[in-house]
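Asks: File coords_5.cif below, mmCIF, C-alpha atoms:
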data_upload
#
loop_
_atom_site.label_atom_id
_atom_site.label_comp_id
_atom_site.auth_asym_id
_atom_site.auth_seq_id
_atom_site.Cartn_x
_atom_site.Cartn_y
_atom_site.Cartn_z
CA ALA A 1 42.62 6.30 -13.39
CA ASP A 2 41.52 7.94 -10.19
CA ARG A 3 42.79 11.48 -10.83
CA SER A 4 42.62 11.88 -14.58
CA THR A 5 39.85 9.63 -15.92
CA ARG A 6 36.14 10.38 -16.15
CA ASN A 7 35.03 7.12 -14.54
CA GLU A 8 31.57 6.71 -15.98
CA VAL A 9 30.01 4.71 -18.78
CA LEU A 10 26.57 5.56 -20.19
CA GLY A 11 25.99 7.93 -17.28
CA HIS A 12 26.85 5.37 -14.60
CA ALA A 13 29.81 6.27 -12.39
CA PHE A 14 32.15 3.59 -11.04
CA PRO A 15 35.24 3.53 -8.82
CA SER A 16 38.64 3.69 -10.55
CA SER A 17 39.60 0.38 -8.89
CA TRP A 18 37.29 -1.36 -11.35
CA PHE A 19 39.88 -0.82 -14.08
CA GLN A 20 41.89 -3.61 -12.41
CA SER A 21 39.17 -6.02 -13.55
CA LEU A 22 39.76 -5.32 -17.24
CA ASN A 23 42.95 -7.38 -17.59
CA PRO A 24 41.43 -10.59 -16.15
CA LEU A 25 38.24 -10.07 -18.17
CA PHE A 26 40.25 -9.59 -21.37
CA ILE A 27 42.35 -12.67 -20.55
CA PHE A 28 39.21 -14.80 -20.12
CA ALA A 29 37.83 -13.43 -23.37
CA LEU A 30 41.00 -13.52 -25.47
CA ALA A 31 42.94 -16.57 -24.25
CA PRO A 32 40.67 -19.00 -26.14
CA VAL A 33 40.94 -16.79 -29.23
CA PHE A 34 44.74 -16.79 -29.11
CA ALA A 35 44.87 -20.54 -28.43
CA TRP A 36 42.54 -21.19 -31.37
CA MET A 37 44.55 -18.82 -33.57
CA TRP A 38 47.90 -20.51 -32.83
CA ILE A 39 46.39 -23.95 -33.44
CA LYS A 40 44.62 -22.82 -36.61
CA LEU A 41 47.85 -21.32 -37.99
CA GLY A 42 49.70 -24.58 -37.31
CA ASP A 43 53.05 -24.53 -39.10
CA ARG A 44 52.37 -21.02 -40.40
CA GLN A 45 52.23 -19.46 -36.92
CA PRO A 46 54.97 -17.01 -35.95
CA SER A 47 58.02 -18.35 -34.16
CA THR A 48 58.38 -17.96 -30.40
CA ALA A 49 60.79 -15.05 -30.95
CA ILE A 50 58.29 -13.26 -33.20
CA LYS A 51 55.52 -13.79 -30.62
CA PHE A 52 57.82 -12.28 -27.98
CA ALA A 53 58.53 -9.34 -30.27
CA LEU A 54 54.80 -8.84 -30.89
CA GLY A 55 54.24 -8.82 -27.13
CA LEU A 56 56.96 -6.22 -26.54
CA LEU A 57 55.68 -4.08 -29.41
CA GLY A 58 52.15 -4.32 -28.01
CA VAL A 59 53.27 -3.12 -24.59
CA GLY A 60 55.03 -0.17 -26.19
CA VAL A 61 52.07 0.73 -28.38
CA GLY A 62 49.74 0.46 -25.39
CA PHE A 63 51.72 3.08 -23.50
CA LEU A 64 52.02 5.34 -26.54
CA ILE A 65 48.23 5.29 -26.87
CA LEU A 66 48.09 6.93 -23.44
CA VAL A 67 50.25 9.89 -24.52
CA PRO A 68 47.41 11.98 -26.07
CA ALA A 69 45.20 11.21 -23.07
CA ALA A 70 48.00 12.25 -20.70
CA GLN A 71 48.44 15.49 -22.65
CA SER A 72 44.72 16.24 -22.24
CA ALA A 73 44.82 15.28 -18.57
CA SER A 74 47.81 17.57 -17.98
CA THR A 75 45.47 20.51 -18.66
CA GLY A 76 43.19 19.34 -15.84
CA ALA A 77 40.62 17.68 -18.09
CA LYS A 78 39.36 14.22 -17.24
CA VAL A 79 39.71 11.79 -20.13
CA SER A 80 37.43 9.03 -21.36
CA VAL A 81 37.59 5.50 -19.97
CA GLY A 82 38.25 4.36 -23.54
CA TRP A 83 41.92 5.35 -23.29
CA LEU A 84 42.62 3.02 -20.38
CA ALA A 85 40.33 0.28 -21.69
CA THR A 86 42.13 0.32 -25.04
CA THR A 87 45.52 0.21 -23.34
CA TYR A 88 44.43 -2.71 -21.16
CA LEU A 89 43.14 -4.55 -24.26
CA ILE A 90 46.43 -4.06 -26.11
CA HIS A 91 48.51 -4.96 -23.05
CA THR A 92 46.46 -8.11 -22.45
CA SER A 93 46.92 -9.16 -26.08
CA ALA A 94 50.65 -8.52 -25.69
CA GLU A 95 50.68 -10.55 -22.48
CA LEU A 96 49.04 -13.46 -24.30
CA CYS A 97 51.90 -13.34 -26.83
CA LEU A 98 54.50 -13.39 -24.04
CA SER A 99 53.42 -15.28 -20.95
CA PRO A 100 52.12 -18.65 -22.18
CA VAL A 101 54.64 -18.66 -25.03
CA GLY A 102 57.49 -17.99 -22.60
CA LEU A 103 56.40 -20.75 -20.26
CA SER A 104 56.20 -23.14 -23.18
CA ALA A 105 59.69 -22.10 -24.35
CA MET A 106 61.09 -22.70 -20.86
CA THR A 107 59.76 -26.26 -20.82
CA LYS A 108 60.97 -26.97 -24.37
CA LEU A 109 64.47 -25.53 -23.98
CA ALA A 110 65.41 -26.61 -20.47
CA PRO A 111 66.99 -29.99 -19.79
CA ILE A 112 64.40 -32.24 -18.18
CA ARG A 113 66.07 -32.32 -14.77
CA ILE A 114 65.94 -28.50 -14.40
CA VAL A 115 62.63 -27.62 -16.06
CA SER A 116 61.05 -26.57 -12.74
CA LEU A 117 64.10 -24.45 -11.92
CA MET A 118 63.83 -22.68 -15.28
CA MET A 119 60.12 -22.06 -14.70
CA GLY A 120 61.14 -20.42 -11.43
CA VAL A 121 63.70 -18.31 -13.30
CA TRP A 122 60.94 -17.25 -15.71
CA PHE A 123 58.77 -16.08 -12.81
CA LEU A 124 61.80 -14.46 -11.14
CA GLY A 125 62.30 -12.44 -14.33
CA ALA A 126 58.67 -11.34 -14.18
CA SER A 127 59.06 -10.29 -10.55
CA VAL A 128 62.18 -8.26 -11.36
CA GLY A 129 60.24 -6.58 -14.18
CA ASN A 130 57.41 -5.76 -11.77
CA TYR A 131 59.93 -4.32 -9.30
CA ILE A 132 61.46 -2.12 -12.00
CA GLY A 133 57.98 -1.08 -13.15
CA GLY A 134 57.09 -0.14 -9.59
CA ASN A 135 60.20 2.02 -9.35
CA LEU A 136 59.37 3.68 -12.67
CA ALA A 137 55.90 4.45 -11.31
CA GLY A 138 57.68 6.63 -8.76
CA PHE A 139 58.36 9.07 -11.61
CA TYR A 140 54.59 9.67 -11.89
CA GLU A 141 54.80 12.68 -9.60
CA THR A 142 58.06 14.17 -10.94
CA TRP A 143 58.00 13.59 -14.70
CA PRO A 144 55.34 14.98 -17.03
CA LEU A 145 52.98 12.09 -17.70
CA PRO A 146 53.15 12.32 -21.52
CA SER A 147 56.96 12.10 -21.30
CA LEU A 148 56.81 9.13 -18.93
CA PHE A 149 54.39 7.21 -21.17
CA THR A 150 56.47 8.08 -24.24
CA ALA A 151 59.68 6.82 -22.62
CA VAL A 152 58.13 3.57 -21.42
CA GLY A 153 56.33 3.04 -24.74
CA LEU A 154 59.47 3.64 -26.79
CA PHE A 155 61.44 1.27 -24.57
CA GLY A 156 58.94 -1.51 -25.30
CA ILE A 157 58.99 -0.77 -29.03
CA VAL A 158 62.81 -0.69 -29.17
CA ALA A 159 62.93 -4.01 -27.28
CA GLY A 160 60.38 -5.49 -29.70
CA VAL A 161 62.30 -4.30 -32.75
CA ALA A 162 65.52 -5.70 -31.27
CA MET A 163 63.75 -9.04 -30.74
CA LEU A 164 62.60 -8.99 -34.35
CA ALA A 165 66.20 -8.34 -35.43
CA ILE A 166 67.48 -11.40 -33.58
CA SER A 167 64.46 -13.62 -34.27
CA GLY A 168 66.28 -15.62 -36.95
CA PRO A 169 69.07 -16.85 -34.66
CA VAL A 170 66.60 -17.42 -31.83
CA LYS A 171 64.36 -19.42 -34.15
CA ARG A 172 67.31 -21.63 -35.17
CA MET A 173 68.33 -22.07 -31.53
CA MET A 174 64.83 -23.23 -30.62
CA GLY A 175 64.59 -25.54 -33.63
CA GLU A 176 61.50 -23.85 -35.03
#
Go ahead and express the file in the form of structure tokens.
Replies:
Amino acid sequence: ADRSTRNEVLGHAFPSSWFQSLNPLFIFALAPVFAWMWIKLGDRQPSTAIKFALGLLGVGVGFLILVPAAQSASTGAKVSVGWLATTYLIHTSAELCLSPVGLSAMTKLAPIRIVSLMMGVWFLGASVGNYIGGNLAGFYETWPLPSLFTAVGLFGIVAGVAMLAISGPVKRMMGE
């Protein structure tokens, strides 16, 4: 965002750190929409496994959207803020398919006496993912950016497709 993005909207420049505000803003805007949507769909809503798959697919697609921007940036051009804003929007939507759904699944699946332990395991999994993501960010300087975004995006898509493939057994396991 700092090196490769033209950080201005309607002629007004802003610091690249402001991009960190997009995820919380999108969560505030979209969480009620997702909650309403799941309630409105009722029995027709996707299973927990499908919601997980949608989240993983969304993360992958979000990174793949950055590939053309990274290709432009690799020539030295600064790209529009729209690329990052779109990625943040897709990633936030994906997060809303994963995070609250995962927490709900932990409370439904865990035996009552270890629900809090399983919630901790859920957050431990998120911290391990953040650690791995931080290590992958180390490739920013050594790998061409389009290749890095492609690899990360394809990993998310493959994981989402794999989740779709096993969604039937997971759905039966969860009693959905």
Asks: Please identify all polymer residues within 12 Å of Ala85 in chain A, counting only C-alpha atoms, omitting same-chain residues fewer than 3 positions from it, and present them as a list of chain:residue names.
Replies: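 So the residues in contact are A:Ala1, A:Thr5, A:Asn7, A:Val9, A:Ser16, A:Trp18, A:Phe19, A:Gln20, A:Ser21, A:Leu22, A:Asn23, A:Leu25, A:Phe26, A:Gly62, A:Phe63, A:Ile65, A:Leu66, A:Val79, A:Ser80, A:Val81, A:Gly82, A:Tyr88, A:Leu89, A:Ile90, A:His91, A:Thr92.
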Asks: Write the residues of the preceding selection, restricted to C-alpha atoms, as an mmCIF file, in the frame of the given file.
Replies:
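Wrote out21.cif, looks like this:
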data_model
loop_
_atom_site.group_PDB
_atom_site.id
_atom_site.type_symbol
_atom_site.label_atom_id
_atom_site.label_comp_id
_atom_site.auth_asym_id
_atom_site.auth_seq_id
_atom_site.Cartn_x
_atom_site.Cartn_y
_atom_site.Cartn_z
ATOM 1 C CA ALA A 1 42.620 6.300 -13.390
ATOM 2 C CA THR A 5 39.850 9.630 -15.920
ATOM 3 C CA ASN A 7 35.030 7.120 -14.540
ATOM 4 C CA VAL A 9 30.010 4.710 -18.780
ATOM 5 C CA SER A 16 38.640 3.690 -10.550
ATOM 6 C CA TRP A 18 37.290 -1.360 -11.350
ATOM 7 C CA PHE A 19 39.880 -0.820 -14.080
ATOM 8 C CA GLN A 20 41.890 -3.610 -12.410
ATOM 9 C CA SER A 21 39.170 -6.020 -13.550
ATOM 10 C CA LEU A 22 39.760 -5.320 -17.240
ATOM 11 C CA ASN A 23 42.950 -7.380 -17.590
ATOM 12 C CA LEU A 25 38.240 -10.070 -18.170
ATOM 13 C CA PHE A 26 40.250 -9.590 -21.370
ATOM 14 C CA GLY A 62 49.740 0.460 -25.390
ATOM 15 C CA PHE A 63 51.720 3.080 -23.500
ATOM 16 C CA ILE A 65 48.230 5.290 -26.870
ATOM 17 C CA LEU A 66 48.090 6.930 -23.440
ATOM 18 C CA VAL A 79 39.710 11.790 -20.130
ATOM 19 C CA SER A 80 37.430 9.030 -21.360
ATOM 20 C CA VAL A 81 37.590 5.500 -19.970
ATOM 21 C CA GLY A 82 38.250 4.360 -23.540
ATOM 22 C CA TYR A 88 44.430 -2.710 -21.160
ATOM 23 C CA LEU A 89 43.140 -4.550 -24.260
ATOM 24 C CA ILE A 90 46.430 -4.060 -26.110
ATOM 25 C CA HIS A 91 48.510 -4.960 -23.050
ATOM 26 C CA THR A 92 46.460 -8.110 -22.450
#
Asks: Ranking A:Ile114, A:Ala70, A:Phe28, A:Met119 by minimum distance to Tyr140 in chain A and counting all atoms listed in the file, which one comes first?
Replies: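 Between A:Ile114, A:Ala70, A:Phe28, A:Met119, the residue approaching Tyr140 in chain A most closely is A:Ala70.
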Asks: When you draw a straight line from CA of Phe14 in chain A to CA of Ser74 in chain A, how long is it in Å?
Replies: 22.1 Å
Asks: How would you write as number ranges by chain the residues that get within 12 Å of (61.2, -0.4, -25.6) in the file's frame, counting only C-alpha atoms?
Replies: A: 53-64, 149-163
Asks: I'd like the interatomic distance between CA of Arg6 in chain A and CA of Pro146 in chain A, to a tenth of an Å.
Replies: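 CA of Pro146 in chain A lies at a distance of 17.9 Å from CA of Arg6 in chain A.
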Asks: Calculated over all atoms listed in the file, which of the candidates A:Ser116, A:Ser167, A:Ser17, A:Thr142 has the smallest distance to Pro46 in chain A?
Replies: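 The answer is A:Ser167, which sits nearest to Pro46 in chain A.
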Asks: Report, in Å with one decimal, the straight-line distance from CA of Trp143 in chain A to CA of Thr86 in chain A.
Replies: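 These atoms are spaced 23.1 Å apart.
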Asks: The centre and edge lengths of an axis-aligned box containing all atoms of range 48-60 of chain A present in the file, extended by 8 Å on each side, are to be given in Å to one decimal, as AutoDock Vina command-line options.
Replies:
--center_x 56.5 --center_y -9.1 --center_z -28.9 --size_x 24.6 --size_y 33.8 --size_z 24.6
